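Report on the following structure.
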Amino acid sequence: MTKELRRLSIVMLFMFLSLFAATSWIQVVEADTLAQNSNNKRTLLDSYEIQRGSIIVDGSAIASSVPADDQFRFQRVYTDPGLWAPVTGYFNPALQSATGIEKALNTDLSGTGANSFVAEIERMLSGQPQRGYSVELSLSSAAQRAAYEGLEGLKGAVVAIEPKTGRILAMASTPGFDTNLLATHDATAANTTYDQLVNDPANPLYNRAIAGDLNPPGSTFKILVAAAAFATGDWTPESTLPNPARYQLPGSDNTVSNAWGGKCGEGDTTTIAEAIRLSCNIPMAELAVQLGDEKIREMAEKFGFNKSFDTPLPSIASSYPRGLNDPQTALTGFGQGQVTATPLQVAMIAAGLANDGVVMNPRMVDAVIGDDLSVIRSYDDSEFGRAVDPEVADEVTAAMVASVSTGAARGARIDGIDVAGKTGTTENGNKPYTLWFTGFAPAEDPKVAVAVLVEDGGGKGQSGSGDSIAAPIAKKVIEAVLGR
């Protein structure tokens with residue numbers, strides 16, 4: 001072979017290998033991305049021939065597809081749509097739109113992902129119609145219903161988490177909406193409904209559990225500040241702080257007070273444990289200033305602040321900003337000022353403390369399953385990281401148990417069960433308060449951690465409180481999980 005032919009052979013071999021690599025990359029690595037591209041009309045039309053998989057909770061379908069007499073072949077139908085709307089979202093082929101789990105796991109549900117390739121070949125050989133995979137969620141029907149019914153008539157959200165695993169047991173948000181009205185193949189009707197929801201001042205399309213307009217966490221944040229203090233080794237639950245009736249913020253003319261306007265118990269000093277039990281603002285503000293914003297932010301980030309989580313629904317990151325000055329840091333000591341949080345994040349604080357200081361990544365999908373009930377893909381528990389040592393978690397837990405049994409969070413008490421909890425009543429200037437509760441139970445062997453958010457003072461303006469409105473909702477969810 002001449003030198004020229006040898007060179008030409010090498011060039012042609014190189015070109016063949018390059019073409020092989022490129023086509024393999026497109027057909028394997030980029031398959032899902034290309035299949036889900038909105039401009040890929042072939043995949044879109046093919047997907048209409050596939051019966052979409054179900055979304056399943058406790059063995060029952062909360063979203064399924066039935067035959068339709070139009071070009072889209074199948075109509076998506078939702079059971080108890082208001083109850084499950086924040087989770088399922090909706091799927092509408094006429095508008096080429098999807099939200100919630102319908103969007104996050106579309107490739108599996110629609111049967112158009114790379115994982116469905118083998119199943120499609122098997123269906124073709126057997127002559128059976130292709131079907132999308134179903135998705136099995138971690139949620140509990142009982143917990144979800146307790147959360148939804150507890151929020152009835154309110155603007156708010158509930159998140160319940162299994163502390164040891166991170167599995168989400170409930171994710172409710174109100175006011176809700178009827179997903180069936182947005183799934184209709186009548187595009188005009190669907191768009192009309194959507195426009196009405198978008199223009200509704202109550203913002204029913206918000207999933208307040210993980211997004212929407214974030215709120216300061218109020219006094220629920222005190223347990224994180226206490227954890228940051230105990231973790232330094234310089235502070236204990238019995239460490240004392242000055243106990244005035246008003247506290248002037250350092251470097252500022254502004255003052256803050258405890259919610260009732262008086263001191264935090266009797267005496268010229270009070271303990272951190274007592275400040276948690278009675279939900280006192282002043283000692284926690286003093287403590288925050290002594291700790292400094294950096295230590296608090298570092299602890300907040302160990303619990304998940306400043307990070308978005310995919311459950312697989314993406315959450316807005318809760319925020320503890322950098323570079324706060326002393327008066328701003330003092331306000332964060334009792335969850336006011338520039339710190340903001342989602343109910344998911346507040347539930348993660350409680351769940352991390354309940355799990356001996358280890359924070360788990362939150363998730364709401366257990367498995368993707370075929371129509372023969374075979375498990376196509378399962379989801380494992382995973383650690384986000386250790387926030388505090390078990391001893392610190394125990395110290396904060398003891399103060400939270402005292403808060404429910406004899407302190408400011410008695411609305412969450414359950415006979416025969418030690419509940420660890422913390423309320424929050426967040427000021428919003430002259431606007432109605434934002435009400436919170438977070439906690440877990442049983443305190444000695446936690447099965448569930450809960451966060452409850454109620455906006456607009458629960459309809460009671462500035463007379464509503466976290467203990468009277470948010471805590472009883474959490475109690476119902478805890479009882480549902482524990483089978484009480």
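Identifiers in this document derive from the order of the structure tokens: chains are assigned A, B, ..., residues are numbered from 1 separately in each chain, and ligands are numbered from 1 in order of occurrence.
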Skip Ile272 of chain A itself and residues of its chain fewer than 5 positions away, then list as an MDAnalysis selection string all residues within 9 Å of it, counting only C-alpha atoms. chainID A and resid 226 235:241 277 283:284 287 399
What does the file look like for those residues with N, CA and C atoms, as a PDB file, in the first residue's frame?
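Dumped everything to result.pdb:
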```pdb
ATOM      1  N   ALA A 226     -30.096  28.789  68.555  1.00  0.00           N
ATOM      2  CA  ALA A 226     -29.677  28.074  69.761  1.00  0.00           C
ATOM      3  C   ALA A 226     -28.715  26.953  69.409  1.00  0.00           C
ATOM      4  N   TRP A 235     -21.611  27.916  74.868  1.00  0.00           N
ATOM      5  CA  TRP A 235     -22.951  28.156  75.392  1.00  0.00           C
ATOM      6  C   TRP A 235     -23.628  26.831  75.699  1.00  0.00           C
ATOM      7  N   THR A 236     -24.488  26.829  76.693  1.00  0.00           N
ATOM      8  CA  THR A 236     -25.315  25.674  77.039  1.00  0.00           C
ATOM      9  C   THR A 236     -26.753  26.166  77.210  1.00  0.00           C
ATOM     10  N   PRO A 237     -27.710  25.250  77.328  1.00  0.00           N
ATOM     11  CA  PRO A 237     -29.090  25.695  77.554  1.00  0.00           C
ATOM     12  C   PRO A 237     -29.249  26.549  78.813  1.00  0.00           C
ATOM     13  N   GLU A 238     -28.347  26.380  79.774  1.00  0.00           N
ATOM     14  CA  GLU A 238     -28.458  27.134  81.025  1.00  0.00           C
ATOM     15  C   GLU A 238     -27.627  28.412  81.029  1.00  0.00           C
ATOM     16  N   SER A 239     -26.955  28.717  79.934  1.00  0.00           N
ATOM     17  CA  SER A 239     -26.234  29.984  79.829  1.00  0.00           C
ATOM     18  C   SER A 239     -27.227  31.139  79.930  1.00  0.00           C
ATOM     19  N   THR A 240     -26.807  32.214  80.602  1.00  0.00           N
ATOM     20  CA  THR A 240     -27.730  33.318  80.870  1.00  0.00           C
ATOM     21  C   THR A 240     -27.420  34.538  80.000  1.00  0.00           C
ATOM     22  N   LEU A 241     -28.461  35.338  79.806  1.00  0.00           N
ATOM     23  CA  LEU A 241     -28.379  36.582  79.043  1.00  0.00           C
ATOM     24  C   LEU A 241     -29.165  37.650  79.780  1.00  0.00           C
ATOM     25  N   ARG A 277     -38.370  28.143  75.440  1.00  0.00           N
ATOM     26  CA  ARG A 277     -39.646  27.669  76.000  1.00  0.00           C
ATOM     27  C   ARG A 277     -40.729  28.738  75.924  1.00  0.00           C
ATOM     28  N   PRO A 283     -33.587  38.009  74.504  1.00  0.00           N
ATOM     29  CA  PRO A 283     -32.365  37.223  74.727  1.00  0.00           C
ATOM     30  C   PRO A 283     -31.823  36.572  73.458  1.00  0.00           C
ATOM     31  N   MET A 284     -32.707  36.204  72.534  1.00  0.00           N
ATOM     32  CA  MET A 284     -32.230  35.588  71.291  1.00  0.00           C
ATOM     33  C   MET A 284     -31.566  36.630  70.388  1.00  0.00           C
ATOM     34  N   LEU A 287     -28.178  37.095  71.950  1.00  0.00           N
ATOM     35  CA  LEU A 287     -27.345  35.936  71.639  1.00  0.00           C
ATOM     36  C   LEU A 287     -26.840  36.010  70.205  1.00  0.00           C
ATOM     37  N   ALA A 399     -35.507  21.759  74.949  1.00  0.00           N
ATOM     38  CA  ALA A 399     -36.141  23.078  75.048  1.00  0.00           C
ATOM     39  C   ALA A 399     -37.433  23.113  74.233  1.00  0.00           C
TER      40      ALA A 399
END
```
**OP:** Apply DSSP to the backbone of this structure and, from segment 44-220 of chain A, keep only the residues in alpha helix (DSSP H); write these as a count of residues only.
**Re:** 60
Just checking: using only C-alpha atoms, which residue out of A:Glu391, A:Glu152, A:Asp371, A:Asp445 ends up closest to Leu109 of chain A?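 Closest residue, counting only C-alpha atoms: A:Asp371.
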Practice item. Using only C-alpha atoms, determine which residues lie at most 9 Å from Asn215 of chain A, disregarding the query and same-chain residues fewer than 3 positions distant; provide the list as a PyMOL selection string. Key: chain A and resi 218+339-342+426+434+453+455
- To one decimal in Å, tell me the separation between atom CA of Gln51 of chain A and atom CA of Asn207 of chain A.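 Taking atom CA of Gln51 of chain A as the start and atom CA of Asn207 of chain A as the end point, the length is 27.5 Å.
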Atom CA of Ser54 of chain A to atom CA of Ala85 of chain A: how many Å, to one decimal?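 Answer for the atom CA of Ser54 of chain A to atom CA of Ala85 of chain A separation: 14.6 Å.
Shortest atom-to-atom contact with Pro129 of chain A among A:Met171, A:Ala157, A:Ile50, A:Val368: A:Ile50, counting only C-alpha atoms.
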Check: Can you tell me how far atom CA of Asp58 of chain A sits from atom CA of Ser140 of chain A, in Å to one decimal?
Finding: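 Answer for the atom CA of Asp58 of chain A to atom CA of Ser140 of chain A separation: 6.6 Å.
Near segment 102-105 of chain A, within 8 Å and counting only C-alpha atoms, sit Thr88, Gly89, Tyr90, Phe91, Pro312 and Leu313 of chain A, not including residues fewer than 6 positions from it in the same chain.
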Residues of the last selection are to be written out with N, CA and C atoms, as an mmCIF file, in the first residue's frame.
```
data_model
loop_
_atom_site.group_PDB
_atom_site.id
_atom_site.type_symbol
_atom_site.label_atom_id
_atom_site.label_comp_id
_atom_site.auth_asym_id
_atom_site.auth_seq_id
_atom_site.Cartn_x
_atom_site.Cartn_y
_atom_site.Cartn_z
ATOM 1 N N THR A 88 -48.942 17.000 42.133
ATOM 2 C CA THR A 88 -49.050 16.494 40.767
ATOM 3 C C THR A 88 -48.805 17.580 39.734
ATOM 4 N N GLY A 89 -49.268 18.821 40.017
ATOM 5 C CA GLY A 89 -49.333 19.809 38.968
ATOM 6 C C GLY A 89 -50.339 19.329 37.937
ATOM 7 N N TYR A 90 -50.200 19.744 36.676
ATOM 8 C CA TYR A 90 -51.122 19.293 35.633
ATOM 9 C C TYR A 90 -50.364 19.061 34.334
ATOM 10 N N PHE A 91 -50.987 18.262 33.441
ATOM 11 C CA PHE A 91 -50.423 17.979 32.122
ATOM 12 C C PHE A 91 -51.479 18.274 31.073
ATOM 13 N N PRO A 312 -38.534 15.759 43.388
ATOM 14 C CA PRO A 312 -37.844 16.519 42.338
ATOM 15 C C PRO A 312 -38.440 17.877 41.987
ATOM 16 N N LEU A 313 -39.439 18.347 42.711
ATOM 17 C CA LEU A 313 -39.941 19.695 42.453
ATOM 18 C C LEU A 313 -38.909 20.690 42.964
#
```
Segment 66-282 of chain A: residues DSSP assigns to strand (DSSP E or B), reported as a PyMOL selection string
chain A and resi 66-67+74-78+91-92+97-98+131+134-137+156-161+167-174+215+240-242+246-248+255-257+269-271
Go ahead and write the selection's residues with C-alpha atoms as an mmCIF file, in the first residue's frame.
```
data_model
loop_
_atom_site.group_PDB
_atom_site.id
_atom_site.type_symbol
_atom_site.label_atom_id
_atom_site.label_comp_id
_atom_site.auth_asym_id
_atom_site.auth_seq_id
_atom_site.Cartn_x
_atom_site.Cartn_y
_atom_site.Cartn_z
ATOM 1 C CA VAL A 66 -58.342 7.609 30.166
ATOM 2 C CA PRO A 67 -59.173 7.276 26.440
ATOM 3 C CA PHE A 74 -55.858 10.210 26.189
ATOM 4 C CA GLN A 75 -57.248 12.661 28.758
ATOM 5 C CA ARG A 76 -55.413 13.269 32.035
ATOM 6 C CA VAL A 77 -57.714 12.912 35.074
ATOM 7 C CA TYR A 78 -56.928 13.941 38.675
ATOM 8 C CA PHE A 91 -50.423 17.979 32.122
ATOM 9 C CA ASN A 92 -52.069 19.447 29.025
ATOM 10 C CA SER A 97 -47.611 22.518 29.210
ATOM 11 C CA ALA A 98 -46.960 20.649 32.432
ATOM 12 C CA ARG A 131 -47.673 2.738 28.059
ATOM 13 C CA SER A 134 -46.019 5.117 36.684
ATOM 14 C CA VAL A 135 -44.515 7.107 39.537
ATOM 15 C CA GLU A 136 -44.923 6.033 43.149
ATOM 16 C CA LEU A 137 -44.694 8.910 45.626
ATOM 17 C CA GLY A 156 -50.609 28.723 53.792
ATOM 18 C CA ALA A 157 -48.691 25.500 53.438
ATOM 19 C CA VAL A 158 -47.643 22.362 55.295
ATOM 20 C CA VAL A 159 -44.628 20.122 54.773
ATOM 21 C CA ALA A 160 -44.153 16.872 56.700
ATOM 22 C CA ILE A 161 -40.913 14.880 56.486
ATOM 23 C CA ARG A 167 -39.134 11.194 52.542
ATOM 24 C CA ILE A 168 -41.809 13.858 52.228
ATOM 25 C CA LEU A 169 -45.081 12.650 53.774
ATOM 26 C CA ALA A 170 -47.186 15.732 53.060
ATOM 27 C CA MET A 171 -46.910 18.821 50.881
ATOM 28 C CA ALA A 172 -50.066 20.931 50.977
ATOM 29 C CA SER A 173 -50.626 24.498 49.794
ATOM 30 C CA THR A 174 -53.771 26.617 49.932
ATOM 31 C CA ASN A 215 -41.577 34.800 54.551
ATOM 32 C CA THR A 240 -27.730 33.318 80.870
ATOM 33 C CA LEU A 241 -28.379 36.582 79.043
ATOM 34 C CA PRO A 242 -29.573 40.008 80.221
ATOM 35 C CA ARG A 246 -36.852 46.387 75.838
ATOM 36 C CA TYR A 247 -33.586 46.015 73.946
ATOM 37 C CA GLN A 248 -31.949 48.703 71.854
ATOM 38 C CA THR A 255 -35.629 48.846 69.964
ATOM 39 C CA VAL A 256 -37.283 45.436 70.114
ATOM 40 C CA SER A 257 -39.446 43.786 72.743
ATOM 41 C CA THR A 269 -31.172 37.348 83.506
ATOM 42 C CA THR A 270 -32.744 34.453 81.659
ATOM 43 C CA THR A 271 -31.430 31.219 80.131
#
```
Using only C-alpha atoms, the residue out of A:Lys422, A:Lys302, A:Arg322, A:Arg410 with shortest distance to Pro217 of chain A is A:Lys422
**Message:** Set the distance at 10 Å and use only C-alpha atoms: which residues neighbour Asp356 of chain A once local chain neighbours fewer than 6 positions away are removed? I'd like the list as a list in words.
**Reply:** Pro163, Lys164, Arg386, Ala387, Val388, Asp389, Pro390, Glu391, Val392, Ala393, Asp394, Thr397 and Pro446 of chain A
Residue selection dump (C-alpha atoms) as a PDB file, in the first residue's frame:
```pdb
ATOM      1  CA  PRO A 163     -36.644  12.579  59.689  1.00  0.00           C
ATOM      2  CA  LYS A 164     -34.529   9.457  59.240  1.00  0.00           C
ATOM      3  CA  ARG A 386     -24.440  16.701  59.611  1.00  0.00           C
ATOM      4  CA  ALA A 387     -25.568  20.038  61.017  1.00  0.00           C
ATOM      5  CA  VAL A 388     -24.865  19.435  64.728  1.00  0.00           C
ATOM      6  CA  ASP A 389     -23.671  16.698  67.046  1.00  0.00           C
ATOM      7  CA  PRO A 390     -26.319  14.480  68.694  1.00  0.00           C
ATOM      8  CA  GLU A 391     -25.699  16.172  72.056  1.00  0.00           C
ATOM      9  CA  VAL A 392     -26.554  19.585  70.611  1.00  0.00           C
ATOM     10  CA  ALA A 393     -29.665  18.180  68.910  1.00  0.00           C
ATOM     11  CA  ASP A 394     -30.754  16.704  72.254  1.00  0.00           C
ATOM     12  CA  THR A 397     -34.986  19.124  71.530  1.00  0.00           C
ATOM     13  CA  PRO A 446     -39.283  10.846  65.868  1.00  0.00           C
TER      14      PRO A 446
END
```
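Among the candidates A:Gly267, A:Gly337, A:Val365, A:Leu95, the residue lying nearest to Thr188 of chain A is A:Leu95 (atoms considered: only C-alpha atoms).
Nearest to Thr406 of chain A of all the residues A:Asn258, A:Thr112, A:Thr193, A:Ser279 is A:Ser279, counting only C-alpha atoms.
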At a cut-off of 9 Å, using only C-alpha atoms, what residues contact Gly464 of chain A? Leave out same-chain residues fewer than 6 positions from it and give the result as a ChimeraX atom specification. /A:425,432-435,456-458
Include N, CA and C atoms and write out the residues we just selected as a PDB file, in the first residue's frame.
```
ATOM      1  N   THR A 425     -44.511  33.806  65.253  1.00  0.00           N
ATOM      2  CA  THR A 425     -45.502  34.816  64.885  1.00  0.00           C
ATOM      3  C   THR A 425     -44.718  35.996  64.341  1.00  0.00           C
ATOM      4  N   PRO A 432     -50.977  41.955  58.496  1.00  0.00           N
ATOM      5  CA  PRO A 432     -51.231  40.813  59.389  1.00  0.00           C
ATOM      6  C   PRO A 432     -49.972  39.975  59.582  1.00  0.00           C
ATOM      7  N   TYR A 433     -49.894  39.336  60.736  1.00  0.00           N
ATOM      8  CA  TYR A 433     -48.741  38.498  61.043  1.00  0.00           C
ATOM      9  C   TYR A 433     -48.698  37.264  60.145  1.00  0.00           C
ATOM     10  N   THR A 434     -47.479  36.736  59.948  1.00  0.00           N
ATOM     11  CA  THR A 434     -47.285  35.419  59.345  1.00  0.00           C
ATOM     12  C   THR A 434     -47.080  34.432  60.486  1.00  0.00           C
ATOM     13  N   LEU A 435     -47.825  33.336  60.465  1.00  0.00           N
ATOM     14  CA  LEU A 435     -47.838  32.399  61.582  1.00  0.00           C
ATOM     15  C   LEU A 435     -47.127  31.100  61.209  1.00  0.00           C
ATOM     16  N   ASP A 456     -51.252  36.007  56.302  1.00  0.00           N
ATOM     17  CA  ASP A 456     -52.331  36.953  56.588  1.00  0.00           C
ATOM     18  C   ASP A 456     -52.957  36.756  57.963  1.00  0.00           C
ATOM     19  N   GLY A 457     -52.146  36.339  58.928  1.00  0.00           N
ATOM     20  CA  GLY A 457     -52.633  36.217  60.296  1.00  0.00           C
ATOM     21  C   GLY A 457     -53.731  35.200  60.480  1.00  0.00           C
ATOM     22  N   GLY A 458     -53.890  34.297  59.516  1.00  0.00           N
ATOM     23  CA  GLY A 458     -54.960  33.312  59.617  1.00  0.00           C
ATOM     24  C   GLY A 458     -56.332  33.949  59.633  1.00  0.00           C
TER      25      GLY A 458
END
```
A:Ala408, A:Met12, A:Ala367, A:Ala273: which is nearest Asp108 of chain A, counting only C-alpha atoms?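 Ranking A:Ala408, A:Met12, A:Ala367, A:Ala273 by distance to Asp108 of chain A, first place goes to A:Ala367.
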